[in-house]
>>> print(open('protein.cif').read())   # mmCIF, C-alpha atoms and all ligand atoms
data_query
#
loop_
_atom_site.group_PDB
_atom_site.id
_atom_site.type_symbol
_atom_site.label_atom_id
_atom_site.label_comp_id
_atom_site.auth_asym_id
_atom_site.auth_seq_id
_atom_site.Cartn_x
_atom_site.Cartn_y
_atom_site.Cartn_z
ATOM 1 C CA MET R 22 -36.511 -46.487 -25.708
ATOM 2 C CA GLN R 23 -39.028 -48.909 -24.275
ATOM 3 C CA THR R 24 -42.637 -47.826 -24.811
ATOM 4 C CA ILE R 25 -44.555 -47.742 -21.558
ATOM 5 C CA TYR R 26 -48.325 -47.686 -21.237
ATOM 6 C CA ASN R 27 -50.488 -46.926 -18.285
ATOM 7 C CA HIS R 28 -54.196 -47.588 -17.941
ATOM 8 C CA VAL R 29 -56.629 -44.839 -17.101
ATOM 9 C CA ILE R 30 -60.402 -44.922 -16.652
ATOM 10 C CA ILE R 31 -62.238 -42.039 -18.316
ATOM 11 C CA ASN R 32 -66.091 -42.084 -18.428
ATOM 12 C CA ASN R 33 -66.065 -45.729 -17.326
ATOM 13 C CA ILE R 34 -63.900 -46.703 -20.302
ATOM 14 C CA GLU R 35 -60.441 -48.046 -19.728
ATOM 15 C CA TRP R 36 -57.837 -46.434 -21.958
ATOM 16 C CA SER R 37 -54.375 -47.647 -22.591
ATOM 17 C CA ARG R 38 -52.336 -44.502 -22.776
ATOM 18 C CA GLN R 39 -48.782 -44.185 -23.960
ATOM 19 C CA MET R 40 -46.552 -42.598 -21.343
ATOM 20 C CA LYS R 41 -44.524 -39.545 -22.168
ATOM 21 C CA ARG R 42 -40.873 -39.877 -23.030
ATOM 22 C CA THR R 43 -38.728 -39.494 -19.942
ATOM 23 C CA ASP R 44 -35.201 -39.663 -21.371
ATOM 24 C CA VAL R 45 -35.150 -36.009 -22.448
ATOM 25 C CA LEU R 46 -32.509 -33.360 -21.848
ATOM 26 C CA SER R 47 -32.756 -31.363 -18.638
ATOM 27 C CA TRP R 48 -32.935 -27.571 -19.037
ATOM 28 C CA ASP R 49 -29.264 -27.297 -18.048
ATOM 29 C CA GLU R 50 -28.250 -29.965 -20.563
ATOM 30 C CA TYR R 51 -30.375 -28.336 -23.274
ATOM 31 C CA PHE R 52 -29.039 -24.804 -22.835
ATOM 32 C CA MET R 53 -25.418 -25.867 -22.354
ATOM 33 C CA GLY R 54 -25.804 -28.132 -25.385
ATOM 34 C CA LEU R 55 -26.971 -25.077 -27.373
ATOM 35 C CA ALA R 56 -23.937 -23.148 -26.133
ATOM 36 C CA HIS R 57 -21.702 -25.922 -27.451
ATOM 37 C CA LEU R 58 -23.531 -25.938 -30.775
ATOM 38 C CA SER R 59 -23.011 -22.185 -31.078
ATOM 39 C CA ALA R 60 -19.310 -22.595 -30.179
ATOM 40 C CA LYS R 61 -18.881 -24.786 -33.241
ATOM 41 C CA ARG R 62 -19.334 -21.647 -35.377
ATOM 42 C CA SER R 63 -16.194 -20.060 -33.928
ATOM 43 C CA LYS R 64 -13.156 -19.843 -36.223
ATOM 44 C CA ASP R 65 -10.779 -19.654 -33.246
ATOM 45 C CA PRO R 66 -8.256 -22.473 -33.797
ATOM 46 C CA SER R 67 -7.509 -22.859 -30.075
ATOM 47 C CA THR R 68 -10.692 -22.203 -28.078
ATOM 48 C CA GLN R 69 -14.291 -22.365 -29.266
ATOM 49 C CA VAL R 70 -16.657 -20.875 -26.686
ATOM 50 C CA GLY R 71 -20.438 -20.560 -26.875
ATOM 51 C CA ALA R 72 -22.915 -18.627 -24.726
ATOM 52 C CA VAL R 73 -26.703 -18.724 -24.478
ATOM 53 C CA ILE R 74 -28.832 -16.206 -22.585
ATOM 54 C CA VAL R 75 -32.070 -17.574 -21.164
ATOM 55 C CA SER R 76 -35.025 -15.826 -19.542
ATOM 56 C CA ASP R 77 -36.517 -16.988 -16.263
ATOM 57 C CA GLU R 78 -39.265 -18.601 -18.367
ATOM 58 C CA HIS R 79 -36.728 -20.911 -20.023
ATOM 59 C CA ARG R 80 -36.763 -18.993 -23.288
ATOM 60 C CA VAL R 81 -33.597 -18.453 -25.279
ATOM 61 C CA VAL R 82 -33.212 -14.697 -25.762
ATOM 62 C CA SER R 83 -29.742 -14.604 -27.307
ATOM 63 C CA ILE R 84 -26.793 -16.704 -28.371
ATOM 64 C CA GLY R 85 -23.165 -16.051 -29.314
ATOM 65 C CA TYR R 86 -19.691 -17.419 -29.890
ATOM 66 C CA ASN R 87 -16.205 -15.958 -29.938
ATOM 67 C CA GLY R 88 -15.244 -14.184 -33.137
ATOM 68 C CA PHE R 89 -14.114 -10.928 -34.684
ATOM 69 C CA PRO R 90 -16.433 -7.908 -34.993
ATOM 70 C CA ASN R 91 -18.569 -7.459 -38.110
ATOM 71 C CA GLY R 92 -16.467 -6.371 -41.066
ATOM 72 C CA CYS R 93 -13.245 -7.709 -39.534
ATOM 73 C CA SER R 94 -12.484 -10.647 -41.765
ATOM 74 C CA ASP R 95 -11.382 -13.969 -40.326
ATOM 75 C CA ASP R 96 -8.943 -14.110 -43.238
ATOM 76 C CA GLU R 97 -7.311 -10.769 -42.443
ATOM 77 C CA PHE R 98 -7.220 -10.603 -38.640
ATOM 78 C CA PRO R 99 -4.859 -12.845 -36.653
ATOM 79 C CA TRP R 100 -5.805 -15.817 -34.468
ATOM 80 C CA ASP R 101 -2.300 -15.976 -32.962
ATOM 81 C CA ARG R 102 -1.901 -16.105 -29.197
ATOM 82 C CA GLU R 103 1.731 -15.053 -29.006
ATOM 83 C CA GLY R 104 3.806 -12.229 -30.421
ATOM 84 C CA ASP R 105 3.290 -8.491 -30.651
ATOM 85 C CA PHE R 106 -0.076 -7.612 -29.057
ATOM 86 C CA SER R 107 -1.481 -6.109 -32.254
ATOM 87 C CA CYS R 108 -0.527 -9.291 -34.116
ATOM 88 C CA THR R 109 -2.475 -11.559 -31.730
ATOM 89 C CA LYS R 110 -6.222 -12.212 -31.545
ATOM 90 C CA TYR R 111 -6.594 -10.522 -28.148
ATOM 91 C CA PRO R 112 -7.220 -6.904 -29.186
ATOM 92 C CA TYR R 113 -9.798 -7.962 -31.790
ATOM 93 C CA VAL R 114 -11.814 -10.975 -30.659
ATOM 94 C CA VAL R 115 -15.280 -10.525 -29.160
ATOM 95 C CA HIS R 116 -15.968 -13.195 -26.572
ATOM 96 C CA ALA R 117 -19.051 -15.407 -26.724
ATOM 97 C CA GLU R 118 -20.704 -13.818 -23.683
ATOM 98 C CA LEU R 119 -20.271 -10.254 -24.989
ATOM 99 C CA ASN R 120 -21.494 -11.268 -28.443
ATOM 100 C CA ALA R 121 -24.580 -12.867 -26.879
ATOM 101 C CA ILE R 122 -25.268 -9.687 -24.874
ATOM 102 C CA LEU R 123 -24.735 -7.416 -27.894
ATOM 103 C CA ASN R 124 -26.796 -9.671 -30.189
ATOM 104 C CA SER R 125 -29.803 -9.504 -27.907
ATOM 105 C CA LYS R 126 -32.812 -7.347 -28.638
ATOM 106 C CA HIS R 127 -34.276 -8.097 -25.210
ATOM 107 C CA ASP R 128 -34.002 -6.669 -21.730
ATOM 108 C CA LEU R 129 -31.604 -9.092 -20.051
ATOM 109 C CA ARG R 130 -32.417 -8.203 -16.448
ATOM 110 C CA GLY R 131 -32.981 -11.350 -14.424
ATOM 111 C CA CYS R 132 -31.737 -13.679 -17.163
ATOM 112 C CA SER R 133 -29.226 -16.531 -16.890
ATOM 113 C CA ILE R 134 -26.233 -16.987 -19.185
ATOM 114 C CA TYR R 135 -24.953 -20.452 -20.053
ATOM 115 C CA VAL R 136 -21.330 -20.451 -21.104
ATOM 116 C CA SER R 137 -18.921 -23.317 -21.673
ATOM 117 C CA LEU R 138 -15.964 -21.479 -20.079
ATOM 118 C CA PHE R 139 -15.996 -19.224 -17.003
ATOM 119 C CA PRO R 140 -16.274 -15.569 -18.161
ATOM 120 C CA CYS R 141 -13.204 -13.330 -18.217
ATOM 121 C CA ASN R 142 -13.116 -9.996 -16.379
ATOM 122 C CA GLU R 143 -14.191 -8.002 -19.451
ATOM 123 C CA CYS R 144 -17.226 -10.212 -20.034
ATOM 124 C CA ALA R 145 -17.997 -10.130 -16.299
ATOM 125 C CA LYS R 146 -18.369 -6.340 -16.510
ATOM 126 C CA ALA R 147 -20.775 -6.637 -19.441
ATOM 127 C CA ILE R 148 -22.747 -9.412 -17.720
ATOM 128 C CA ILE R 149 -23.158 -7.327 -14.565
ATOM 129 C CA GLN R 150 -24.160 -4.187 -16.466
ATOM 130 C CA SER R 151 -26.674 -6.075 -18.611
ATOM 131 C CA GLY R 152 -28.623 -7.171 -15.535
ATOM 132 C CA ILE R 153 -27.962 -10.914 -15.981
ATOM 133 C CA LYS R 154 -28.282 -12.511 -12.556
ATOM 134 C CA ARG R 155 -26.961 -16.038 -12.949
ATOM 135 C CA ILE R 156 -24.019 -17.669 -14.718
ATOM 136 C CA VAL R 157 -24.064 -21.398 -15.464
ATOM 137 C CA TYR R 158 -20.672 -22.603 -16.645
ATOM 138 C CA GLU R 159 -18.724 -25.779 -17.281
ATOM 139 C CA SER R 160 -14.969 -25.321 -17.452
ATOM 140 C CA ASP R 161 -13.047 -23.148 -15.018
ATOM 141 C CA LYS R 162 -9.650 -24.026 -16.452
ATOM 142 C CA TYR R 163 -8.309 -20.474 -16.103
ATOM 143 C CA ALA R 164 -9.352 -20.184 -12.440
ATOM 144 C CA THR R 165 -5.878 -19.167 -11.275
ATOM 145 C CA THR R 166 -5.389 -16.374 -13.837
ATOM 146 C CA ASP R 167 -5.628 -12.702 -12.861
ATOM 147 C CA SER R 168 -8.516 -12.240 -15.293
ATOM 148 C CA THR R 169 -10.681 -14.946 -13.715
ATOM 149 C CA ILE R 170 -9.810 -13.886 -10.161
ATOM 150 C CA ALA R 171 -10.830 -10.301 -10.987
ATOM 151 C CA SER R 172 -13.935 -11.591 -12.750
ATOM 152 C CA LYS R 173 -15.085 -13.577 -9.704
ATOM 153 C CA ARG R 174 -14.364 -10.646 -7.405
ATOM 154 C CA MET R 175 -16.679 -8.394 -9.431
ATOM 155 C CA LEU R 176 -19.378 -11.023 -9.993
ATOM 156 C CA LYS R 177 -19.538 -11.868 -6.282
ATOM 157 C CA ALA R 178 -19.639 -8.177 -5.305
ATOM 158 C CA ALA R 179 -22.517 -7.670 -7.762
ATOM 159 C CA GLY R 180 -24.439 -10.624 -6.316
ATOM 160 C CA ILE R 181 -24.388 -12.723 -9.486
ATOM 161 C CA GLU R 182 -25.150 -16.394 -8.842
ATOM 162 C CA LEU R 183 -22.421 -18.709 -10.122
ATOM 163 C CA TYR R 184 -23.192 -22.350 -10.811
ATOM 164 C CA GLN R 185 -20.723 -24.839 -12.252
ATOM 165 C CA LEU R 186 -22.375 -27.842 -13.863
ATOM 166 C CA PRO R 187 -21.161 -31.108 -12.322
ATOM 167 C CA TYR R 188 -20.601 -32.537 -15.813
ATOM 168 C CA CYS R 189 -19.383 -31.515 -19.280
ATOM 169 C CA ILE R 190 -21.498 -31.748 -22.409
ATOM 170 C CA ASP R 191 -19.790 -33.491 -25.307
ATOM 171 C CA LEU R 192 -21.744 -32.487 -28.390
ATOM 172 C CA LYS R 193 -21.095 -34.234 -31.678
ATOM 173 C CA VAL R 194 -22.737 -33.035 -34.864
ATOM 174 C CA GLU R 195 -22.785 -35.752 -37.476
ATOM 175 C CA LYS R 196 -24.126 -35.516 -40.975
ATOM 176 C CA HIS R 197 -25.645 -38.471 -42.733
ATOM 177 C CA ALA R 198 -27.041 -38.826 -46.215
ATOM 178 C CA ASN R 199 -30.756 -38.106 -46.507
ATOM 179 C CA GLU R 200 -33.002 -41.108 -46.966
HETATM 180 ZN ZN ZN E 301 -14.603 -12.708 -21.976
#
>>> encode(input="protein.cif", output="structure tokens")
Amino acid sequence: MQTIYNHVIINNIEWSRQMKRTDVLSWDEYFMGLAHLSAKRSKDPSTQVGAVIVSDEHRVVSIGYNGFPNGCSDDEFPWDREGDFSCTKYPYVVHAELNAILNSKHDLRGCSIYVSLFPCNECAKAIIQSGIKRIVYESDKYATTDSTIASKRMLKAAGIELYQLPYCIDLKVEKHANE
């Protein structure tokens, strides 16, 4: 980044002052980026989802990703999507949004939740009951499914603000040797 200086006069002395950095992440980019970072912890082989709950003062109050409940080993419970219901992931997995809500020690009333995928109907119920007032999401790839249609019906009835980011965050975590 190019360093920019401006000149200010303080007590009749001219100072050359370095300007602040301007190429920083926006709040939306920052919180959705955190959601993607959290998603990278998920063991789900098909869909990694992350969620971040943020107060109206731009403070992160909770974070989560999709995974099995405590004590339910990733090595013992199935990640399959097809087959007998009890042999798929669906009865066991806790979605990112619900994990973020359950992980929180804070009152979530008035908060926003950033989530990389539009919440399902089960998470929508938990979001509404927690007092979260705004959902910021990226992908809506299951928009035509019964779950998402039911989710939107409840969220709209409850007056939850829905905002789809006009872009997707592509987060890459690279490790390099220490110097
Ligand atoms: Zn869900």
>>> residues_around(input="protein.cif", residues="range 80-92 of chain R", least_positions_apart="3", cutoff="8 Å", atoms="only C-alpha atoms", output="PyMOL selection string")
chain R and resi 56+59-60+62-65+69-77+95+98+113-122+124-127
>>> write_last_selection(input="protein.cif", atoms="C-alpha atoms", output="mmCIF file, keeping the file's coordinate frame")
data_model
loop_
_atom_site.group_PDB
_atom_site.id
_atom_site.type_symbol
_atom_site.label_atom_id
_atom_site.label_comp_id
_atom_site.auth_asym_id
_atom_site.auth_seq_id
_atom_site.Cartn_x
_atom_site.Cartn_y
_atom_site.Cartn_z
ATOM 1 C CA ALA R 56 -23.937 -23.148 -26.133
ATOM 2 C CA SER R 59 -23.011 -22.185 -31.078
ATOM 3 C CA ALA R 60 -19.310 -22.595 -30.179
ATOM 4 C CA ARG R 62 -19.334 -21.647 -35.377
ATOM 5 C CA SER R 63 -16.194 -20.060 -33.928
ATOM 6 C CA LYS R 64 -13.156 -19.843 -36.223
ATOM 7 C CA ASP R 65 -10.779 -19.654 -33.246
ATOM 8 C CA GLN R 69 -14.291 -22.365 -29.266
ATOM 9 C CA VAL R 70 -16.657 -20.875 -26.686
ATOM 10 C CA GLY R 71 -20.438 -20.560 -26.875
ATOM 11 C CA ALA R 72 -22.915 -18.627 -24.726
ATOM 12 C CA VAL R 73 -26.703 -18.724 -24.478
ATOM 13 C CA ILE R 74 -28.832 -16.206 -22.585
ATOM 14 C CA VAL R 75 -32.070 -17.574 -21.164
ATOM 15 C CA SER R 76 -35.025 -15.826 -19.542
ATOM 16 C CA ASP R 77 -36.517 -16.988 -16.263
ATOM 17 C CA ASP R 95 -11.382 -13.969 -40.326
ATOM 18 C CA PHE R 98 -7.220 -10.603 -38.640
ATOM 19 C CA TYR R 113 -9.798 -7.962 -31.790
ATOM 20 C CA VAL R 114 -11.814 -10.975 -30.659
ATOM 21 C CA VAL R 115 -15.280 -10.525 -29.160
ATOM 22 C CA HIS R 116 -15.968 -13.195 -26.572
ATOM 23 C CA ALA R 117 -19.051 -15.407 -26.724
ATOM 24 C CA GLU R 118 -20.704 -13.818 -23.683
ATOM 25 C CA LEU R 119 -20.271 -10.254 -24.989
ATOM 26 C CA ASN R 120 -21.494 -11.268 -28.443
ATOM 27 C CA ALA R 121 -24.580 -12.867 -26.879
ATOM 28 C CA ILE R 122 -25.268 -9.687 -24.874
ATOM 29 C CA ASN R 124 -26.796 -9.671 -30.189
ATOM 30 C CA SER R 125 -29.803 -9.504 -27.907
ATOM 31 C CA LYS R 126 -32.812 -7.347 -28.638
ATOM 32 C CA HIS R 127 -34.276 -8.097 -25.210
#
>>> closest_residue(input="protein.cif", among="R:Ser67, R:Ser47, R:Thr109, R:Ser172", to="ligand ZN 301 (chain E)", atoms="all atoms listed in the file")
R:Ser172
>>> residues_near_ligand(input="protein.cif", ligand="ligand ZN 301 (chain E)", cutoff="6 Å", atoms="only C-alpha atoms and all ligand atoms", output="ChimeraX atom specification")
/R:116,140-141,143-144
>>> residues_near_point(input="protein.cif", point="(-17.7, -21.1, -13.7)", cutoff="7 Å", atoms="only C-alpha atoms", output="list in words")
Leu138, Phe139, Val157, Tyr158, Glu159, Ser160, Asp161, Leu183, Tyr184 and Gln185 of chain R
>>> write_last_selection(input="protein.cif", atoms="C-alpha atoms", output="mmCIF file, in the coordinates of the input")
data_model
loop_
_atom_site.group_PDB
_atom_site.id
_atom_site.type_symbol
_atom_site.label_atom_id
_atom_site.label_comp_id
_atom_site.auth_asym_id
_atom_site.auth_seq_id
_atom_site.Cartn_x
_atom_site.Cartn_y
_atom_site.Cartn_z
ATOM 1 C CA LEU R 138 -15.964 -21.479 -20.079
ATOM 2 C CA PHE R 139 -15.996 -19.224 -17.003
ATOM 3 C CA VAL R 157 -24.064 -21.398 -15.464
ATOM 4 C CA TYR R 158 -20.672 -22.603 -16.645
ATOM 5 C CA GLU R 159 -18.724 -25.779 -17.281
ATOM 6 C CA SER R 160 -14.969 -25.321 -17.452
ATOM 7 C CA ASP R 161 -13.047 -23.148 -15.018
ATOM 8 C CA LEU R 183 -22.421 -18.709 -10.122
ATOM 9 C CA TYR R 184 -23.192 -22.350 -10.811
ATOM 10 C CA GLN R 185 -20.723 -24.839 -12.252
#
>>> axis_aligned_box(input="protein.cif", around="range 26-38 of chain R", padding_each_side="5 Å", output="JSON")
{"center_x": -57.2, "center_y": -45.0, "center_z": -19.7, "size_x": 27.8, "size_y": 16.0, "size_z": 16.1}
>>> closest_residue(input="protein.cif", among="R:Thr166, R:Ala171, R:Asp49, R:Asn199", to="Ile134 in chain R", atoms="all atoms listed in the file")
R:Asp49
>>> atom_distance(input="protein.cif", atom1="CA of Ile190 in chain R", atom2="CA of Arg42 in chain R")
21.0 Å
>>> atom_distance(input="protein.cif", atom1="CA of Lys196 in chain R", atom2="CA of Tyr135 in chain R")
25.8 Å
>>> atom_distance(input="protein.cif", atom1="CA of Met53 in chain R", atom2="CA of Glu195 in chain R")
18.3 Å
>>> resolve_selection(input="protein.cif", expression="the PyMOL selection byres (((chain R and resi 102) around 12) and not hetatm)", output="list in words")
Asp65, Pro66, Ser67, Thr68, Pro99, Trp100, Asp101, Glu103, Gly104, Asp105, Phe106, Ser107, Cys108, Thr109, Lys110, Tyr111, Pro112, Tyr113 and Val114 of chain R
>>> closest_residue(input="protein.cif", among="R:Ala179, R:Ala198, R:Ile170, R:Val136", to="Gly152 in chain R", atoms="all atoms listed in the file")
R:Ala179
>>> closest_residue(input="protein.cif", among="R:Ser151, R:Ser133, R:Asn142, R:Thr165", to="Glu78 in chain R", atoms="only C-alpha atoms")
R:Ser133
>>> residues_around(input="protein.cif", residues="Glu50 in chain R", least_positions_apart="4", cutoff="10 Å", atoms="only C-alpha atoms", output="number ranges by chain")
R: 45-46, 54-56, 186, 188-190
>>> residues_around(input="protein.cif", residues="His28 in chain R", least_positions_apart="5", cutoff="12 Å", atoms="all atoms listed in the file", output="PyMOL selection string")
chain R and resi 34-40
>>> decode(input="protein.cif", residues="range 45-111 of chain R", atoms="C-alpha atoms", output="tab-separated table (two decimals), in the first residue's frame")
chain	number	residue	atom	x	y	z
R	45	VAL	CA	-9.22	-2.40	5.61
R	46	LEU	CA	-12.08	-4.88	5.79
R	47	SER	CA	-15.58	-3.48	6.17
R	48	TRP	CA	-17.56	-4.73	9.18
R	49	ASP	CA	-19.54	-7.06	6.90
R	50	GLU	CA	-16.37	-8.44	5.33
R	51	TYR	CA	-14.76	-8.86	8.76
R	52	PHE	CA	-17.65	-10.72	10.39
R	53	MET	CA	-18.42	-12.88	7.36
R	54	GLY	CA	-14.70	-13.61	7.08
R	55	LEU	CA	-14.78	-14.79	10.72
R	56	ALA	CA	-17.77	-16.99	9.91
R	57	HIS	CA	-15.77	-18.60	7.11
R	58	LEU	CA	-12.79	-19.09	9.40
R	59	SER	CA	-15.03	-20.81	11.95
R	60	ALA	CA	-16.54	-23.00	9.19
R	61	LYS	CA	-13.08	-24.39	8.50
R	62	ARG	CA	-13.31	-26.23	11.85
R	63	SER	CA	-16.28	-28.29	10.66
R	64	LYS	CA	-15.65	-31.97	9.94
R	65	ASP	CA	-18.64	-32.15	7.59
R	66	PRO	CA	-17.26	-33.53	4.30
R	67	SER	CA	-19.97	-31.86	2.19
R	68	THR	CA	-20.88	-28.50	3.74
R	69	GLN	CA	-18.84	-26.38	6.13
R	70	VAL	CA	-20.94	-23.56	7.60
R	71	GLY	CA	-19.87	-20.88	10.07
R	72	ALA	CA	-21.88	-18.36	12.08
R	73	VAL	CA	-20.88	-15.30	14.09
R	74	ILE	CA	-23.17	-13.37	16.43
R	75	VAL	CA	-22.41	-9.67	16.76
R	76	SER	CA	-23.78	-7.03	19.11
R	77	ASP	CA	-25.02	-3.67	17.89
R	78	GLU	CA	-21.67	-2.28	19.08
R	79	HIS	CA	-19.80	-4.44	16.57
R	80	ARG	CA	-18.58	-6.86	19.22
R	81	VAL	CA	-18.40	-10.58	18.55
R	82	VAL	CA	-20.47	-12.30	21.24
R	83	SER	CA	-20.44	-15.85	19.90
R	84	ILE	CA	-19.25	-18.07	17.08
R	85	GLY	CA	-20.04	-21.57	15.83
R	86	TYR	CA	-19.81	-24.13	13.06
R	87	ASN	CA	-21.72	-27.26	12.14
R	88	GLY	CA	-20.75	-30.36	14.08
R	89	PHE	CA	-21.96	-33.10	16.39
R	90	PRO	CA	-22.90	-32.44	20.03
R	91	ASN	CA	-20.26	-32.72	22.76
R	92	GLY	CA	-19.40	-36.34	23.46
R	93	CYS	CA	-20.65	-37.51	20.06
R	94	SER	CA	-17.45	-38.46	18.33
R	95	ASP	CA	-16.78	-37.47	14.74
R	96	ASP	CA	-15.30	-40.94	14.34
R	97	GLU	CA	-18.42	-42.76	15.53
R	98	PHE	CA	-21.32	-40.71	14.16
R	99	PRO	CA	-22.10	-40.70	10.43
R	100	TRP	CA	-21.59	-37.82	7.98
R	101	ASP	CA	-23.64	-39.59	5.29
R	102	ARG	CA	-26.43	-37.71	3.55
R	103	GLU	CA	-28.30	-40.69	2.16
R	104	GLY	CA	-29.62	-43.95	3.55
R	105	ASP	CA	-31.59	-44.83	6.65
R	106	PHE	CA	-32.29	-41.63	8.62
R	107	SER	CA	-30.46	-42.84	11.73
R	108	CYS	CA	-27.43	-43.65	9.57
R	109	THR	CA	-27.20	-40.11	8.14
R	110	LYS	CA	-25.82	-36.94	9.74
R	111	TYR	CA	-29.23	-35.25	9.90
